[in-house]
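Below you'll find the structure, written out as structure tokens, and then a few comments.
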Amino acid sequence: MKTKSKLFYVILICMLAIIFAALTACGDEQEGSATPTDSYIISTPGAADGQPTGNADGTPTATPTQAPTPTPIISAYPTEGTRPEDFGMKTEIMVDGNIVSSYNRSEKISFGLGEEYTDINGIFAFRGNNYRNTAGVFGVQNITEAKFNPTPLWTQKTGSLSATTGGGYWSGCGWTGQVLIEEWPKSTRQIMKMYDWAKEQETLTEVIVASEDGKIYFYDFETGKATRDPIVCNIAFKGGGSLDPRGIPLMYIGSGDISPYGVYPSAYVISLVTNEVLYEFGRFDSFAFRKWYGFDISPIVHGESDTLIYPGENGVIYFVSLGTKYDEAAGTLSIDPEVVKWRYFGSRSTTVSSVKYTIGFESSPIAFQNYLYVPDNGGHLLCIDMNTLKLVWVQDVWDDTNCTGVLEVENGIPYIYMSTAYHYGWREANGNPAPVPIFKINAQTGEIVWRVEYDCRTTNGQSGGAQGSLALGKGSLDNILYIPLAKTPQLNKGILVALNTETGQEIWQTQLSNYSWSSPNIVYDQATGKGYVIEGDVNGNLYIFDGLTGKICDSFKLDGAVEATPVVYNNTLIIGSRGCTVYALELK
């Protein structure tokens, strides 16, 4: 009996322990309890444990890509020196045509990691995604010689258009043009207004080129053959626009100058099913303080809430709830847009382009979770909560910003790397040398982590400093920031600079044959991991640099200035020149 009693109590204790553990586990899942998924954005998982390590034929499988480290959800807030009131900032919001005192978005916006912006094959935006950190590279690169094949894979011609402001003409692909690329499924191509041969291909990757001649061109990535008729808008496209990251055949693009045909700038939503403009906005917007309506930037799309986010040079940020209805089986695509507008004005802001510190945006925005980061034409870097449209913090970045920054999450903290142009007549008379800053900024508080300066020159209408955008190295080029600076040390010279991201200390600088407004791209050899930087200049030279040393490995001469930014898709680089030629070049 004694033995049986002991056994009974042992069993009873074990059962109670199991019940207690189960209750505890249930309690942990109650609403309001802290679980890992409450505190982190969960990244796409890698290969499952126990997955076979070889293929059926005995060859080893490729090493799986490591899943990105989850990013802690942050709350941005101002600190000493970054409070909006310190800059005299006043903001207003317009909903349904009425200015409202407050705003709380019903369908919340929260962007994921840059790697999660799209899972469709292609290049969908300037600098790649919402972090702007891929610099327009997709696929796998095998670079054994670090050279260009001297014979292009293919070329195509674009055209030109007379400029109505400042004289001259717009031609080919200029600042900040970048081609877009998408691999369209065959089922999608069947409903597109494409040539029959393009619809019938088993696979087809399309290159989309927005040109300063007012047309959007479409080419087969492999052959350069036109896949459809150009879309004719008769107004210069300086920027390359964006594609919808969800794979929906929509393109978002803006124009940058008054057309000789009498068309004024605006932003467009274009159906790539019918090749027609579905919606225009921004032109002659009475809500805008600044009466210039250019849209040079590359917008971003928050797919989950069906929202297009588009800052304009008029000083308004447009949050367009697209109301997208897409039925591929029926061959239909439509939108029913509703727009919320945000505008700002500060103590030193002006609305006249010839005066210092103009409001407006020419830098493509960065999005991190629910925060939008965008520098303006007036020397401010702004952080905005996209769900409340409250201006969270402001940083003084000294000058007109035309380049696009890059965001990186380091040890759980997001940082923005940013620089500015040197606007004629603002900080020095007659274009005399002035310091151009390069910043590392804490994206949570707006505080400057480090700042380095380079003396640059400028001319009226052709700014010096950072016109090309910034790029961050990875892998073998980890902790290296690359940036081109124009008009230094002389007016017709420029440099490409590599900085240590932790300290801002210069690693190397290489002088170009002339200055550059183009943005650097970074490619890596798949086998060795060795990294190379590709950059062009206004003399038409396209260079490959060793990313660690700055040594020029090779160059290719284009028929006109390189102002646009190259993209790399597998081992093919595509770039448009001001000489009205689009080149597809093989990287060897």
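Letters A, B, ... mark the chains of the structure tokens in the order given; residue numbers begin at 1 per chain; ligand numbers begin at 1, in order shown.
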
Residues of region 60-146 of chain A within 7 Å of region 562-568 of chain A: nearest atom pair and distance (Å, one decimal) for each, counting only C-alpha atoms, sorted by chain and number, as a tab-separated table?
residue	atom	partner	partner_atom	distance
A:Gly136	CA	A:Val567	CA	4.9
A:Val137	CA	A:Val568	CA	4.8
A:Phe138	CA	A:Val568	CA	6.4

If you keep C-alpha atoms, can you produce a file of those selected residues as a PDB file, in the first residue's frame?
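Contents of part18.pdb, freshly written:
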ATOM      1  CA  GLY A 136      19.217  48.958 -58.967  1.00  0.00           C
ATOM      2  CA  VAL A 137      20.754  45.473 -59.069  1.00  0.00           C
ATOM      3  CA  PHE A 138      18.877  42.193 -59.489  1.00  0.00           C
TER       4      PHE A 138
END

Just want the 8 Å neighbourhood of region 144-160 of chain A, counted on only C-alpha atoms, with same-chain residues fewer than 5 positions away dropped. Output as a list in words.
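In the requested form, the answer reads Tyr169, Trp170, Ser171, Gly172, Ser211, Glu212, Asp213, Gly214, Thr223, Gly224, Asp525, Tyr532, Ile544, Cys553, Asp554, Ser555, Phe556, Cys580, Thr581, Val582, Tyr583, Ala584, Leu585, Glu586, Leu587 and Lys588 of chain A.
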
Since we have the selection now, will you write its residues out, keeping C-alpha atoms, as a PDB file, in the first residue's frame?
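Result written to part-v4.pdb:
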ATOM      1  CA  TYR A 169      16.584  70.866 -74.926  1.00  0.00           C
ATOM      2  CA  TRP A 170      15.919  67.671 -73.038  1.00  0.00           C
ATOM      3  CA  SER A 171      17.448  64.601 -74.628  1.00  0.00           C
ATOM      4  CA  GLY A 172      17.685  60.885 -74.033  1.00  0.00           C
ATOM      5  CA  SER A 211      12.912  59.465 -71.827  1.00  0.00           C
ATOM      6  CA  GLU A 212      13.319  63.211 -71.786  1.00  0.00           C
ATOM      7  CA  ASP A 213      11.728  63.244 -75.253  1.00  0.00           C
ATOM      8  CA  GLY A 214       8.344  62.728 -73.589  1.00  0.00           C
ATOM      9  CA  THR A 223      17.399  41.337 -77.608  1.00  0.00           C
ATOM     10  CA  GLY A 224      16.493  45.010 -77.282  1.00  0.00           C
ATOM     11  CA  ASP A 525      30.996  38.406 -58.203  1.00  0.00           C
ATOM     12  CA  TYR A 532      32.821  46.596 -57.770  1.00  0.00           C
ATOM     13  CA  ILE A 544      34.127  50.009 -63.115  1.00  0.00           C
ATOM     14  CA  CYS A 553      39.327  48.464 -63.645  1.00  0.00           C
ATOM     15  CA  ASP A 554      37.750  49.407 -66.979  1.00  0.00           C
ATOM     16  CA  SER A 555      35.694  52.064 -68.789  1.00  0.00           C
ATOM     17  CA  PHE A 556      33.224  52.307 -71.652  1.00  0.00           C
ATOM     18  CA  CYS A 580      19.743  59.510 -77.034  1.00  0.00           C
ATOM     19  CA  THR A 581      21.022  55.923 -76.929  1.00  0.00           C
ATOM     20  CA  VAL A 582      20.061  53.105 -74.570  1.00  0.00           C
ATOM     21  CA  TYR A 583      22.879  50.586 -74.121  1.00  0.00           C
ATOM     22  CA  ALA A 584      22.805  46.980 -72.916  1.00  0.00           C
ATOM     23  CA  LEU A 585      26.360  46.068 -71.911  1.00  0.00           C
ATOM     24  CA  GLU A 586      27.707  42.716 -70.792  1.00  0.00           C
ATOM     25  CA  LEU A 587      29.777  42.721 -67.598  1.00  0.00           C
ATOM     26  CA  LYS A 588      32.678  40.289 -67.937  1.00  0.00           C
TER      27      LYS A 588
END

Strand (DSSP E) positions in region 182-418 of chain A, given as an mmCIF file with N, CA and C atoms, in the first residue's frame:
data_model
loop_
_atom_site.group_PDB
_atom_site.id
_atom_site.type_symbol
_atom_site.label_atom_id
_atom_site.label_comp_id
_atom_site.auth_asym_id
_atom_site.auth_seq_id
_atom_site.Cartn_x
_atom_site.Cartn_y
_atom_site.Cartn_z
ATOM 1 N N GLU A 182 10.855 44.470 -65.520
ATOM 2 C CA GLU A 182 9.959 43.499 -64.895
ATOM 3 C C GLU A 182 9.820 42.269 -65.768
ATOM 4 N N GLU A 183 9.873 41.108 -65.107
ATOM 5 C CA GLU A 183 9.633 39.824 -65.780
ATOM 6 C C GLU A 183 8.141 39.530 -65.698
ATOM 7 N N TRP A 184 7.438 39.747 -66.821
ATOM 8 C CA TRP A 184 5.987 39.598 -66.814
ATOM 9 C C TRP A 184 5.593 38.136 -67.034
ATOM 10 N N LEU A 204 9.481 36.486 -70.781
ATOM 11 C CA LEU A 204 9.862 37.780 -71.331
ATOM 12 C C LEU A 204 10.083 38.762 -70.187
ATOM 13 N N THR A 205 11.250 39.377 -70.196
ATOM 14 C CA THR A 205 11.572 40.429 -69.245
ATOM 15 C C THR A 205 11.615 41.740 -70.017
ATOM 16 N N GLU A 206 10.851 42.716 -69.546
ATOM 17 C CA GLU A 206 10.688 43.966 -70.283
ATOM 18 C C GLU A 206 11.485 45.084 -69.626
ATOM 19 N N VAL A 207 12.192 45.850 -70.471
ATOM 20 C CA VAL A 207 12.938 47.027 -70.039
ATOM 21 C C VAL A 207 12.086 48.246 -70.378
ATOM 22 N N ILE A 208 11.838 49.098 -69.382
ATOM 23 C CA ILE A 208 10.962 50.264 -69.556
ATOM 24 C C ILE A 208 11.797 51.524 -69.370
ATOM 25 N N VAL A 209 11.830 52.352 -70.414
ATOM 26 C CA VAL A 209 12.691 53.529 -70.436
ATOM 27 C C VAL A 209 11.836 54.772 -70.591
ATOM 28 N N ALA A 210 11.818 55.612 -69.550
ATOM 29 C CA ALA A 210 11.158 56.913 -69.637
ATOM 30 C C ALA A 210 12.192 57.935 -70.097
ATOM 31 N N LYS A 215 8.500 60.364 -74.129
ATOM 32 C CA LYS A 215 7.959 59.046 -74.455
ATOM 33 C C LYS A 215 8.456 57.999 -73.455
ATOM 34 N N ILE A 216 7.691 56.934 -73.314
ATOM 35 C CA ILE A 216 8.093 55.772 -72.525
ATOM 36 C C ILE A 216 8.244 54.610 -73.491
ATOM 37 N N TYR A 217 9.454 54.032 -73.537
ATOM 38 C CA TYR A 217 9.790 52.974 -74.479
ATOM 39 C C TYR A 217 9.831 51.624 -73.774
ATOM 40 N N PHE A 218 9.594 50.551 -74.549
ATOM 41 C CA PHE A 218 9.526 49.197 -74.011
ATOM 42 C C PHE A 218 10.357 48.262 -74.891
ATOM 43 N N TYR A 219 11.312 47.546 -74.263
ATOM 44 C CA TYR A 219 12.218 46.675 -75.000
ATOM 45 C C TYR A 219 12.308 45.303 -74.342
ATOM 46 N N ASP A 220 12.588 44.310 -75.163
ATOM 47 C CA ASP A 220 12.902 42.976 -74.652
ATOM 48 C C ASP A 220 14.305 42.998 -74.050
ATOM 49 N N ILE A 231 4.619 54.863 -75.258
ATOM 50 C CA ILE A 231 3.554 55.715 -74.718
ATOM 51 C C ILE A 231 4.013 57.157 -74.882
ATOM 52 N N VAL A 232 3.225 57.964 -75.552
ATOM 53 C CA VAL A 232 3.611 59.339 -75.877
ATOM 54 C C VAL A 232 2.859 60.304 -74.959
ATOM 55 N N SER A 242 8.378 54.596 -61.229
ATOM 56 C CA SER A 242 8.329 53.357 -60.447
ATOM 57 C C SER A 242 7.275 52.432 -61.039
ATOM 58 N N LEU A 243 7.470 51.134 -60.794
ATOM 59 C CA LEU A 243 6.458 50.137 -61.109
ATOM 60 C C LEU A 243 5.792 49.679 -59.820
ATOM 61 N N LEU A 250 0.916 48.526 -63.303
ATOM 62 C CA LEU A 250 0.760 49.970 -63.145
ATOM 63 C C LEU A 250 2.131 50.614 -63.086
ATOM 64 N N MET A 251 2.249 51.783 -63.684
ATOM 65 C CA MET A 251 3.474 52.568 -63.639
ATOM 66 C C MET A 251 3.140 53.943 -63.095
ATOM 67 N N TYR A 252 4.049 54.464 -62.259
ATOM 68 C CA TYR A 252 3.865 55.773 -61.639
ATOM 69 C C TYR A 252 5.048 56.645 -62.037
ATOM 70 N N ILE A 253 4.778 57.790 -62.644
ATOM 71 C CA ILE A 253 5.868 58.621 -63.142
ATOM 72 C C ILE A 253 5.408 60.078 -63.212
ATOM 73 N N GLY A 254 6.366 60.997 -63.087
ATOM 74 C CA GLY A 254 6.053 62.418 -63.144
ATOM 75 C C GLY A 254 6.917 63.135 -64.152
ATOM 76 N N ALA A 267 1.891 64.425 -62.131
ATOM 77 C CA ALA A 267 2.203 63.021 -61.878
ATOM 78 C C ALA A 267 1.151 62.156 -62.559
ATOM 79 N N TYR A 268 1.588 60.979 -63.033
ATOM 80 C CA TYR A 268 0.724 60.100 -63.806
ATOM 81 C C TYR A 268 0.659 58.708 -63.170
ATOM 82 N N VAL A 269 -0.514 58.104 -63.232
ATOM 83 C CA VAL A 269 -0.686 56.668 -63.003
ATOM 84 C C VAL A 269 -1.061 56.066 -64.349
ATOM 85 N N ILE A 270 -0.231 55.142 -64.849
ATOM 86 C CA ILE A 270 -0.391 54.613 -66.203
ATOM 87 C C ILE A 270 -0.691 53.131 -66.152
ATOM 88 N N SER A 271 -1.700 52.705 -66.909
ATOM 89 C CA SER A 271 -2.006 51.286 -67.048
ATOM 90 C C SER A 271 -1.072 50.680 -68.084
ATOM 91 N N GLU A 276 -2.415 53.451 -71.247
ATOM 92 C CA GLU A 276 -3.113 54.736 -71.136
ATOM 93 C C GLU A 276 -2.931 55.319 -69.738
ATOM 94 N N VAL A 277 -3.010 56.644 -69.664
ATOM 95 C CA VAL A 277 -2.972 57.336 -68.377
ATOM 96 C C VAL A 277 -4.328 57.171 -67.704
ATOM 97 N N LEU A 278 -4.322 56.584 -66.502
ATOM 98 C CA LEU A 278 -5.561 56.394 -65.750
ATOM 99 C C LEU A 278 -5.884 57.585 -64.865
ATOM 100 N N TYR A 279 -4.821 58.306 -64.439
ATOM 101 C CA TYR A 279 -5.052 59.367 -63.459
ATOM 102 C C TYR A 279 -3.879 60.336 -63.488
ATOM 103 N N GLU A 280 -4.178 61.619 -63.404
ATOM 104 C CA GLU A 280 -3.165 62.662 -63.266
ATOM 105 C C GLU A 280 -3.465 63.472 -62.021
ATOM 106 N N PHE A 281 -2.410 63.932 -61.353
ATOM 107 C CA PHE A 281 -2.622 64.804 -60.195
ATOM 108 C C PHE A 281 -1.421 65.722 -60.018
ATOM 109 N N ILE A 300 6.986 55.571 -54.043
ATOM 110 C CA ILE A 300 6.903 54.215 -53.505
ATOM 111 C C ILE A 300 5.445 53.847 -53.289
ATOM 112 N N VAL A 301 5.203 52.547 -53.212
ATOM 113 C CA VAL A 301 3.845 52.020 -53.047
ATOM 114 C C VAL A 301 3.810 51.119 -51.831
ATOM 115 N N HIS A 302 2.837 51.350 -50.947
ATOM 116 C CA HIS A 302 2.580 50.421 -49.853
ATOM 117 C C HIS A 302 1.472 49.485 -50.313
ATOM 118 N N THR A 307 -1.594 52.041 -51.393
ATOM 119 C CA THR A 307 -1.337 53.478 -51.293
ATOM 120 C C THR A 307 -0.080 53.873 -52.047
ATOM 121 N N LEU A 308 -0.208 54.871 -52.903
ATOM 122 C CA LEU A 308 0.912 55.486 -53.610
ATOM 123 C C LEU A 308 1.360 56.714 -52.826
ATOM 124 N N ILE A 309 2.678 56.836 -52.593
ATOM 125 C CA ILE A 309 3.225 57.945 -51.810
ATOM 126 C C ILE A 309 4.142 58.739 -52.722
ATOM 127 N N TYR A 310 3.777 59.997 -52.989
ATOM 128 C CA TYR A 310 4.417 60.747 -54.064
ATOM 129 C C TYR A 310 4.674 62.196 -53.644
ATOM 130 N N PRO A 311 5.885 62.540 -53.180
ATOM 131 C CA PRO A 311 6.218 63.940 -52.909
ATOM 132 C C PRO A 311 6.417 64.713 -54.208
ATOM 133 N N VAL A 316 4.104 69.546 -51.739
ATOM 134 C CA VAL A 316 2.994 68.709 -51.258
ATOM 135 C C VAL A 316 3.409 67.243 -51.360
ATOM 136 N N ILE A 317 3.071 66.465 -50.335
ATOM 137 C CA ILE A 317 3.211 65.007 -50.413
ATOM 138 C C ILE A 317 1.815 64.435 -50.593
ATOM 139 N N TYR A 318 1.645 63.627 -51.641
ATOM 140 C CA TYR A 318 0.357 63.043 -51.991
ATOM 141 C C TYR A 318 0.313 61.591 -51.526
ATOM 142 N N PHE A 319 -0.693 61.275 -50.723
ATOM 143 C CA PHE A 319 -0.954 59.905 -50.286
ATOM 144 C C PHE A 319 -2.214 59.457 -51.028
ATOM 145 N N VAL A 320 -2.023 58.663 -52.077
ATOM 146 C CA VAL A 320 -3.110 58.307 -52.979
ATOM 147 C C VAL A 320 -3.582 56.897 -52.670
ATOM 148 N N SER A 321 -4.770 56.777 -52.084
ATOM 149 C CA SER A 321 -5.406 55.467 -51.947
ATOM 150 C C SER A 321 -5.956 55.107 -53.324
ATOM 151 N N LYS A 325 -8.507 47.871 -58.825
ATOM 152 C CA LYS A 325 -9.283 46.676 -59.153
ATOM 153 C C LYS A 325 -8.623 46.035 -60.367
ATOM 154 N N TYR A 326 -8.055 44.866 -60.130
ATOM 155 C CA TYR A 326 -7.304 44.175 -61.188
ATOM 156 C C TYR A 326 -7.809 42.749 -61.303
ATOM 157 N N ASP A 327 -8.328 42.404 -62.477
ATOM 158 C CA ASP A 327 -8.823 41.061 -62.754
ATOM 159 C C ASP A 327 -8.121 40.576 -64.012
ATOM 160 N N THR A 332 -9.021 43.184 -67.012
ATOM 161 C CA THR A 332 -9.414 44.542 -66.621
ATOM 162 C C THR A 332 -8.517 45.073 -65.510
ATOM 163 N N LEU A 333 -8.260 46.358 -65.553
ATOM 164 C CA LEU A 333 -7.486 47.063 -64.541
ATOM 165 C C LEU A 333 -8.047 48.473 -64.430
ATOM 166 N N SER A 334 -8.435 48.856 -63.220
ATOM 167 C CA SER A 334 -8.962 50.206 -63.007
ATOM 168 C C SER A 334 -8.549 50.686 -61.626
ATOM 169 N N GLU A 338 -8.415 58.144 -54.151
ATOM 170 C CA GLU A 338 -8.749 59.168 -53.160
ATOM 171 C C GLU A 338 -7.430 59.697 -52.602
ATOM 172 N N VAL A 339 -7.304 61.014 -52.515
ATOM 173 C CA VAL A 339 -6.012 61.618 -52.201
ATOM 174 C C VAL A 339 -6.076 62.388 -50.890
ATOM 175 N N VAL A 340 -5.094 62.121 -50.041
ATOM 176 C CA VAL A 340 -4.850 62.943 -48.852
ATOM 177 C C VAL A 340 -3.547 63.702 -49.102
ATOM 178 N N LYS A 341 -3.568 65.012 -48.841
ATOM 179 C CA LYS A 341 -2.407 65.861 -49.140
ATOM 180 C C LYS A 341 -1.821 66.428 -47.852
ATOM 181 N N TRP A 342 -0.510 66.580 -47.879
ATOM 182 C CA TRP A 342 0.226 67.138 -46.732
ATOM 183 C C TRP A 342 1.155 68.234 -47.242
ATOM 184 N N ARG A 343 1.163 69.375 -46.562
ATOM 185 C CA ARG A 343 2.079 70.449 -46.936
ATOM 186 C C ARG A 343 2.714 71.036 -45.687
ATOM 187 N N TYR A 344 3.785 71.809 -45.905
ATOM 188 C CA TYR A 344 4.550 72.340 -44.780
ATOM 189 C C TYR A 344 5.091 73.712 -45.148
ATOM 190 N N PHE A 345 5.515 74.432 -44.109
ATOM 191 C CA PHE A 345 6.197 75.712 -44.296
ATOM 192 C C PHE A 345 6.970 76.007 -43.019
ATOM 193 N N ILE A 366 12.398 57.873 -48.624
ATOM 194 C CA ILE A 366 12.740 56.627 -47.944
ATOM 195 C C ILE A 366 11.624 56.317 -46.958
ATOM 196 N N ALA A 367 11.227 55.052 -46.862
ATOM 197 C CA ALA A 367 10.191 54.657 -45.908
ATOM 198 C C ALA A 367 10.723 53.551 -45.015
ATOM 199 N N PHE A 368 10.536 53.757 -43.719
ATOM 200 C CA PHE A 368 10.921 52.754 -42.717
ATOM 201 C C PHE A 368 9.740 52.583 -41.779
ATOM 202 N N TYR A 371 7.264 55.470 -40.984
ATOM 203 C CA TYR A 371 7.893 56.787 -41.114
ATOM 204 C C TYR A 371 8.382 57.026 -42.532
ATOM 205 N N LEU A 372 8.153 58.244 -43.012
ATOM 206 C CA LEU A 372 8.624 58.691 -44.308
ATOM 207 C C LEU A 372 9.730 59.716 -44.084
ATOM 208 N N TYR A 373 10.848 59.529 -44.781
ATOM 209 C CA TYR A 373 11.992 60.430 -44.656
ATOM 210 C C TYR A 373 12.233 61.068 -46.014
ATOM 211 N N VAL A 374 12.200 62.398 -46.061
ATOM 212 C CA VAL A 374 12.409 63.076 -47.330
ATOM 213 C C VAL A 374 13.067 64.429 -47.088
ATOM 214 N N PRO A 375 14.192 64.689 -47.764
ATOM 215 C CA PRO A 375 14.813 66.009 -47.686
ATOM 216 C C PRO A 375 14.169 66.942 -48.715
ATOM 217 N N HIS A 380 16.160 71.103 -45.366
ATOM 218 C CA HIS A 380 15.595 70.333 -44.256
ATOM 219 C C HIS A 380 15.525 68.856 -44.617
ATOM 220 N N LEU A 381 15.771 67.989 -43.649
ATOM 221 C CA LEU A 381 15.429 66.579 -43.752
ATOM 222 C C LEU A 381 14.254 66.356 -42.805
ATOM 223 N N LEU A 382 13.147 65.827 -43.331
ATOM 224 C CA LEU A 382 11.904 65.709 -42.587
ATOM 225 C C LEU A 382 11.580 64.247 -42.316
ATOM 226 N N CYS A 383 11.089 63.976 -41.118
ATOM 227 C CA CYS A 383 10.566 62.665 -40.737
ATOM 228 C C CYS A 383 9.082 62.822 -40.448
ATOM 229 N N ILE A 384 8.241 62.080 -41.151
ATOM 230 C CA ILE A 384 6.787 62.217 -41.062
ATOM 231 C C ILE A 384 6.176 60.867 -40.720
ATOM 232 N N ASP A 385 5.271 60.853 -39.752
ATOM 233 C CA ASP A 385 4.503 59.650 -39.443
ATOM 234 C C ASP A 385 3.397 59.530 -40.488
ATOM 235 N N LYS A 390 1.828 63.566 -38.849
ATOM 236 C CA LYS A 390 2.513 64.507 -37.967
ATOM 237 C C LYS A 390 3.984 64.574 -38.351
ATOM 238 N N LEU A 391 4.518 65.783 -38.361
ATOM 239 C CA LEU A 391 5.942 65.975 -38.593
ATOM 240 C C LEU A 391 6.658 65.646 -37.292
ATOM 241 N N VAL A 392 7.476 64.597 -37.298
ATOM 242 C CA VAL A 392 8.066 64.087 -36.056
ATOM 243 C C VAL A 392 9.329 64.851 -35.697
ATOM 244 N N TRP A 393 10.271 64.925 -36.651
ATOM 245 C CA TRP A 393 11.496 65.674 -36.399
ATOM 246 C C TRP A 393 12.020 66.302 -37.683
ATOM 247 N N VAL A 394 12.918 67.270 -37.513
ATOM 248 C CA VAL A 394 13.521 67.986 -38.640
ATOM 249 C C VAL A 394 15.019 68.107 -38.367
ATOM 250 N N GLN A 395 15.830 67.925 -39.405
ATOM 251 C CA GLN A 395 17.263 68.169 -39.275
ATOM 252 C C GLN A 395 17.693 69.179 -40.338
ATOM 253 N N ASP A 396 18.591 70.067 -39.949
ATOM 254 C CA ASP A 396 19.150 71.056 -40.862
ATOM 255 C C ASP A 396 20.273 70.402 -41.660
ATOM 256 N N VAL A 406 20.153 56.805 -48.371
ATOM 257 C CA VAL A 406 20.003 55.362 -48.215
ATOM 258 C C VAL A 406 19.851 55.065 -46.733
ATOM 259 N N LEU A 407 18.978 54.094 -46.418
ATOM 260 C CA LEU A 407 18.730 53.722 -45.026
ATOM 261 C C LEU A 407 19.336 52.357 -44.745
ATOM 262 N N GLU A 408 19.923 52.232 -43.579
ATOM 263 C CA GLU A 408 20.496 50.964 -43.129
ATOM 264 C C GLU A 408 20.161 50.773 -41.657
ATOM 265 N N VAL A 409 19.782 49.545 -41.281
ATOM 266 C CA VAL A 409 19.517 49.227 -39.881
ATOM 267 C C VAL A 409 20.772 48.571 -39.308
ATOM 268 N N GLU A 410 21.335 49.202 -38.276
ATOM 269 C CA GLU A 410 22.573 48.724 -37.676
ATOM 270 C C GLU A 410 22.353 48.520 -36.183
ATOM 271 N N ILE A 413 19.055 49.811 -34.902
ATOM 272 C CA ILE A 413 18.753 51.238 -35.029
ATOM 273 C C ILE A 413 18.847 51.638 -36.501
ATOM 274 N N PRO A 414 17.819 52.320 -37.039
ATOM 275 C CA PRO A 414 17.889 52.748 -38.437
ATOM 276 C C PRO A 414 18.696 54.047 -38.570
ATOM 277 N N TYR A 415 19.544 54.091 -39.589
ATOM 278 C CA TYR A 415 20.331 55.291 -39.876
ATOM 279 C C TYR A 415 20.116 55.679 -41.338
ATOM 280 N N ILE A 416 20.174 56.975 -41.593
ATOM 281 C CA ILE A 416 20.082 57.500 -42.952
ATOM 282 C C ILE A 416 21.409 58.156 -43.305
ATOM 283 N N TYR A 417 21.926 57.792 -44.463
ATOM 284 C CA TYR A 417 23.104 58.451 -45.014
ATOM 285 C C TYR A 417 22.614 59.413 -46.086
ATOM 286 N N MET A 418 23.039 60.680 -45.986
ATOM 287 C CA MET A 418 22.459 61.723 -46.829
ATOM 288 C C MET A 418 23.498 62.785 -47.126
#

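Of the residues under consideration (A:Val100, A:Ala561, A:Ala498, A:Ala125), A:Ala125 shows the shortest atom-to-atom contact distance to Pro299 (chain A) when counting only C-alpha atoms.
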
Within 9 Å of region 467-480 of chain A, counting only C-alpha atoms, which residues show up once you throw out same-chain ones fewer than 4 positions away? Write them as a PyMOL selection string, please. chain A and resi 127+132-135+175-176+401-408+417-422+463+484-486+498-502+507+516-522+524+529-532+547-548+563-565

Item to complete: Using only C-alpha atoms, pick whichever of A:Thr227, A:Asn234, A:Ser255, A:Gln178 has the shortest atom-to-atom distance to Leu272 (chain A).
Response: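 Of A:Thr227, A:Asn234, A:Ser255, A:Gln178, the one nearest Leu272 (chain A) is A:Thr227, counting only C-alpha atoms.
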
Pick from A:Glu80, A:Arg228, A:Arg290, A:Gln490: nearest to Trp197 (chain A), with only C-alpha atoms counted?
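Of all the options, A:Arg228 lies closest to Trp197 (chain A).
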
| message | Report as a list in words all protein, DNA and RNA residues lying within 12 Å of Glu304 (chain A), evaluated on only C-alpha atoms, omitting residues in the same chain fewer than 6 positions from it. | response |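 Once the nearby chain positions are removed, what remains is Glu107, Lys108, Ile109, Ser110, Phe111, Gly112, Tyr117, Thr118, Asp244, Pro245, Arg246, Ser321, Leu322, Gly323 and Thr324 of chain A.
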
Written selection (N, CA and C atoms) as a short mmCIF file (atom, residue, chain, number, x, y, z; two decimals), in the first residue's frame:
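Ended up saving to result_27.cif:
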data_model
loop_
_atom_site.label_atom_id
_atom_site.label_comp_id
_atom_site.auth_asym_id
_atom_site.auth_seq_id
_atom_site.Cartn_x
_atom_site.Cartn_y
_atom_site.Cartn_z
N GLU A 107 -6.51 52.60 -42.39
CA GLU A 107 -5.75 51.43 -42.81
C GLU A 107 -4.27 51.77 -42.69
N LYS A 108 -3.64 51.26 -41.68
CA LYS A 108 -2.30 51.72 -41.30
C LYS A 108 -1.25 51.33 -42.34
N ILE A 109 -0.23 52.18 -42.42
CA ILE A 109 0.92 51.93 -43.27
C ILE A 109 2.09 51.52 -42.38
N SER A 110 2.72 50.41 -42.72
CA SER A 110 3.97 50.03 -42.09
C SER A 110 4.77 49.22 -43.10
N PHE A 111 5.86 49.81 -43.58
CA PHE A 111 6.71 49.14 -44.56
C PHE A 111 7.59 48.11 -43.87
N GLY A 112 7.85 47.03 -44.58
CA GLY A 112 8.76 46.01 -44.09
C GLY A 112 10.19 46.35 -44.46
N TYR A 117 10.24 44.61 -50.12
CA TYR A 117 9.42 45.56 -50.88
C TYR A 117 8.66 44.87 -52.00
N THR A 118 9.30 43.90 -52.66
CA THR A 118 8.63 43.12 -53.69
C THR A 118 9.22 41.73 -53.73
N ASP A 244 4.60 49.12 -59.96
CA ASP A 244 3.90 48.61 -58.78
C ASP A 244 4.59 47.35 -58.28
N PRO A 245 5.01 47.31 -57.01
CA PRO A 245 5.78 46.17 -56.51
C PRO A 245 4.97 44.90 -56.33
N ARG A 246 3.64 44.98 -56.49
CA ARG A 246 2.80 43.80 -56.32
C ARG A 246 2.68 42.99 -57.61
N SER A 321 -4.77 56.78 -52.08
CA SER A 321 -5.41 55.47 -51.95
C SER A 321 -5.96 55.11 -53.32
N LEU A 322 -5.31 54.14 -53.96
CA LEU A 322 -5.54 53.93 -55.39
C LEU A 322 -6.90 53.32 -55.72
N GLY A 323 -7.43 52.49 -54.82
CA GLY A 323 -8.68 51.81 -55.15
C GLY A 323 -8.51 50.88 -56.35
N THR A 324 -7.42 50.11 -56.33
CA THR A 324 -7.07 49.28 -57.48
C THR A 324 -8.02 48.08 -57.61
#

_For a quick check of understanding, using only C-alpha atoms, which of A:Trp450, A:Phe439, A:Phe289, A:Phe295 has the smallest distance to Ser349 (chain A)?_
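When distances to Ser349 (chain A) are compared using only C-alpha atoms, the smallest one comes from A:Phe289.
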